[in-house]
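Next comes run-v4.pdb, a file with PDB, C-alpha atoms.
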```pdb
ATOM      1  CA  GLY A  10       5.652  19.465  37.642
ATOM      2  CA  LEU A  11       5.298  22.534  35.489
ATOM      3  CA  PRO A  12       2.028  23.589  33.884
ATOM      4  CA  SER A  13       1.490  23.105  30.153
ATOM      5  CA  GLY A  14       1.238  26.052  27.807
ATOM      6  CA  HIS A  15       3.460  28.781  26.484
ATOM      7  CA  MET A  16       4.574  32.334  27.170
ATOM      8  CA  PRO A  17       2.245  35.022  25.815
ATOM      9  CA  GLY A  18       3.230  35.968  22.272
ATOM     10  CA  ALA A  19       5.434  32.902  21.818
ATOM     11  CA  PHE A  20       5.781  31.021  18.537
ATOM     12  CA  ASN A  21       6.724  27.361  18.288
ATOM     13  CA  LEU A  22       9.633  26.472  16.032
ATOM     14  CA  PRO A  23      11.411  23.227  16.942
ATOM     15  CA  TYR A  24      15.142  23.572  16.346
ATOM     16  CA  SER A  25      14.978  20.397  14.249
ATOM     17  CA  GLU A  26      13.276  22.477  11.537
ATOM     18  CA  ILE A  27      16.528  24.361  10.907
ATOM     19  CA  VAL A  28      19.074  21.588  11.497
ATOM     20  CA  GLU A  29      19.928  18.661   9.247
ATOM     21  CA  ASP A  30      22.731  16.161   9.800
ATOM     22  CA  GLY A  31      23.934  18.156  12.806
ATOM     23  CA  ARG A  32      24.315  21.424  10.861
ATOM     24  CA  LEU A  33      22.188  24.456  10.168
ATOM     25  CA  VAL A  34      20.341  24.231   6.863
ATOM     26  CA  GLU A  35      20.754  26.870   4.145
ATOM     27  CA  PRO A  36      19.771  30.443   5.086
ATOM     28  CA  ASP A  37      16.748  30.475   2.756
ATOM     29  CA  ARG A  38      15.377  27.349   4.478
ATOM     30  CA  ILE A  39      15.992  28.904   7.892
ATOM     31  CA  ALA A  40      14.137  32.074   6.884
ATOM     32  CA  ALA A  41      11.285  29.969   5.474
ATOM     33  CA  ALA A  42      11.008  27.970   8.712
ATOM     34  CA  PHE A  43      10.709  31.128  10.812
ATOM     35  CA  ALA A  44       8.148  32.580   8.388
ATOM     36  CA  LYS A  45       6.109  29.347   8.417
ATOM     37  CA  ALA A  46       6.058  29.486  12.240
ATOM     38  CA  GLY A  47       4.637  33.023  12.029
ATOM     39  CA  VAL A  48       7.740  34.768  13.339
ATOM     40  CA  ASP A  49       8.351  38.304  12.058
ATOM     41  CA  THR A  50      12.150  38.372  12.052
ATOM     42  CA  ASP A  51      12.128  42.162  11.658
ATOM     43  CA  LYS A  52      10.723  42.516  15.193
ATOM     44  CA  PRO A  53      12.723  42.028  18.396
ATOM     45  CA  ILE A  54      12.965  38.316  19.226
ATOM     46  CA  VAL A  55      13.776  36.553  22.484
ATOM     47  CA  ALA A  56      14.748  32.940  21.868
ATOM     48  CA  SER A  57      13.543  30.426  24.457
ATOM     49  CA  CYS A  58      12.836  26.718  24.809
ATOM     50  CA  GLY A  59      12.295  24.320  27.690
ATOM     51  CA  SER A  60      15.511  24.998  29.549
ATOM     52  CA  GLY A  61      17.514  27.474  27.447
ATOM     53  CA  VAL A  62      19.706  24.950  25.646
ATOM     54  CA  THR A  63      18.063  24.426  22.249
ATOM     55  CA  ALA A  64      17.092  28.106  22.114
ATOM     56  CA  ALA A  65      20.766  28.702  21.340
ATOM     57  CA  ILE A  66      20.314  26.795  18.073
ATOM     58  CA  LEU A  67      17.423  29.079  17.118
ATOM     59  CA  TRP A  68      19.634  32.052  18.011
ATOM     60  CA  LEU A  69      22.344  30.735  15.683
ATOM     61  CA  GLY A  70      19.770  30.221  12.937
ATOM     62  CA  LEU A  71      18.565  33.795  13.247
ATOM     63  CA  ASP A  72      22.142  35.032  13.237
ATOM     64  CA  ALA A  73      22.800  33.003  10.062
ATOM     65  CA  ILE A  74      20.056  34.946   8.271
ATOM     66  CA  GLY A  75      21.237  38.303   9.618
ATOM     67  CA  LYS A  76      18.487  38.612  12.248
ATOM     68  CA  PRO A  77      20.097  37.832  15.613
ATOM     69  CA  PRO A  78      17.548  37.908  18.440
ATOM     70  CA  LYS A  79      17.775  40.619  21.065
ATOM     71  CA  SER A  80      18.366  37.992  23.722
ATOM     72  CA  LEU A  81      18.194  34.362  24.731
ATOM     73  CA  TYR A  82      16.072  33.571  27.776
ATOM     74  CA  ASP A  83      18.362  31.064  29.469
ATOM     75  CA  GLY A  84      15.792  30.165  32.133
ATOM     76  CA  SER A  85      13.215  29.579  29.407
ATOM     77  CA  TRP A  86      10.039  27.616  30.206
ATOM     78  CA  THR A  87      11.498  25.959  33.306
ATOM     79  CA  GLU A  88      12.001  29.330  34.984
ATOM     80  CA  TRP A  89       8.950  31.079  33.510
ATOM     81  CA  ALA A  90       6.353  28.453  34.428
ATOM     82  CA  ALA A  91       7.735  28.047  37.956
ATOM     83  CA  GLN A  92       7.016  31.694  38.832
ATOM     84  CA  PRO A  93       3.877  32.155  40.939
ATOM     85  CA  GLY A  94       1.274  33.974  38.851
ATOM     86  CA  ALA A  95       3.217  33.638  35.589
ATOM     87  CA  ALA A  96       1.221  34.532  32.483
ATOM     88  CA  ILE A  97       0.686  31.235  30.664
ATOM     89  CA  GLU A  98      -1.322  30.741  27.498
ATOM     90  CA  PRO A  99      -2.839  27.272  27.042
ATOM     91  CA  LYS A 100      -1.606  24.862  24.402
ATOM     92  CA  PRO A 101      -3.772  24.849  21.274
ATOM     93  CA  LYS A 102      -6.111  21.849  21.117
TER
END
```
Write the structure described by the file as structure tokens, please.
Amino acid sequence: GLPSGHMPGAFNLPYSEIVEDGRLVEPDRIAAAFAKAGVDTDKPIVASCGSGVTAAILWLGLDAIGKPPKSLYDGSWTEWAAQPGAAIEPKPK
């Protein structure tokens, strides 16, 4: 299995925070969710998740507020954590 933790500098924002009834919520709620997660949307952002699938929803959310990320890491955690010597920060306790 893969180790627990996250990529250095990563912020956690579950896609469910910006989706309701299968649709993106209003742009002001999307912006508030990113702000609450500590994400500075004026800085370059790489969207990622466990396998690259739900990161696309975060990408769409950022695009909806006029802040599309620079890229989407399609390998996401599955690829990152499998690399020998990968930098991994522990989960907060």
A:Trp68 environment, 12 Å, only C-alpha atoms, sequence neighbours closer than 5 positions dropped, as a PyMOL selection string: chain A and resi 22+24+27+33+39+43+50+54-58+61-63+73-83
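Take atom CA of A:Leu67 and atom CA of A:Asn21: the distance between them is 10.9 Å.
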Select, counting all atoms listed in the file, all protein, DNA and RNA residues no farther than 10 Å from (4.9, 34.5, 28.1) in file coordinates, and express the selection as a PDB file with C-alpha atoms, in the frame of the given file.
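Now in out.pdb:
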```
ATOM      1  CA  GLY A  14       1.238  26.052  27.807  1.00  0.00           C
ATOM      2  CA  HIS A  15       3.460  28.781  26.484  1.00  0.00           C
ATOM      3  CA  MET A  16       4.574  32.334  27.170  1.00  0.00           C
ATOM      4  CA  PRO A  17       2.245  35.022  25.815  1.00  0.00           C
ATOM      5  CA  GLY A  18       3.230  35.968  22.272  1.00  0.00           C
ATOM      6  CA  ALA A  19       5.434  32.902  21.818  1.00  0.00           C
ATOM      7  CA  SER A  85      13.215  29.579  29.407  1.00  0.00           C
ATOM      8  CA  TRP A  86      10.039  27.616  30.206  1.00  0.00           C
ATOM      9  CA  TRP A  89       8.950  31.079  33.510  1.00  0.00           C
ATOM     10  CA  ALA A  90       6.353  28.453  34.428  1.00  0.00           C
ATOM     11  CA  ALA A  95       3.217  33.638  35.589  1.00  0.00           C
ATOM     12  CA  ALA A  96       1.221  34.532  32.483  1.00  0.00           C
ATOM     13  CA  ILE A  97       0.686  31.235  30.664  1.00  0.00           C
ATOM     14  CA  GLU A  98      -1.322  30.741  27.498  1.00  0.00           C
TER      15      GLU A  98
END
```
Distance of atom CA of A:Ile66 from atom CA of A:Pro23, expressed in Å to one decimal place: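 Interatomic distance here is 9.7 Å.
Computed from the coordinates, the atom CA of A:Ala46 to atom CA of A:Glu29 distance equals 17.8 Å.
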Distance criterion (all atoms listed in the file): nearest to A:Gly70 out of A:Pro93, A:Pro36, A:Gly84, A:Gly10: A:Pro36
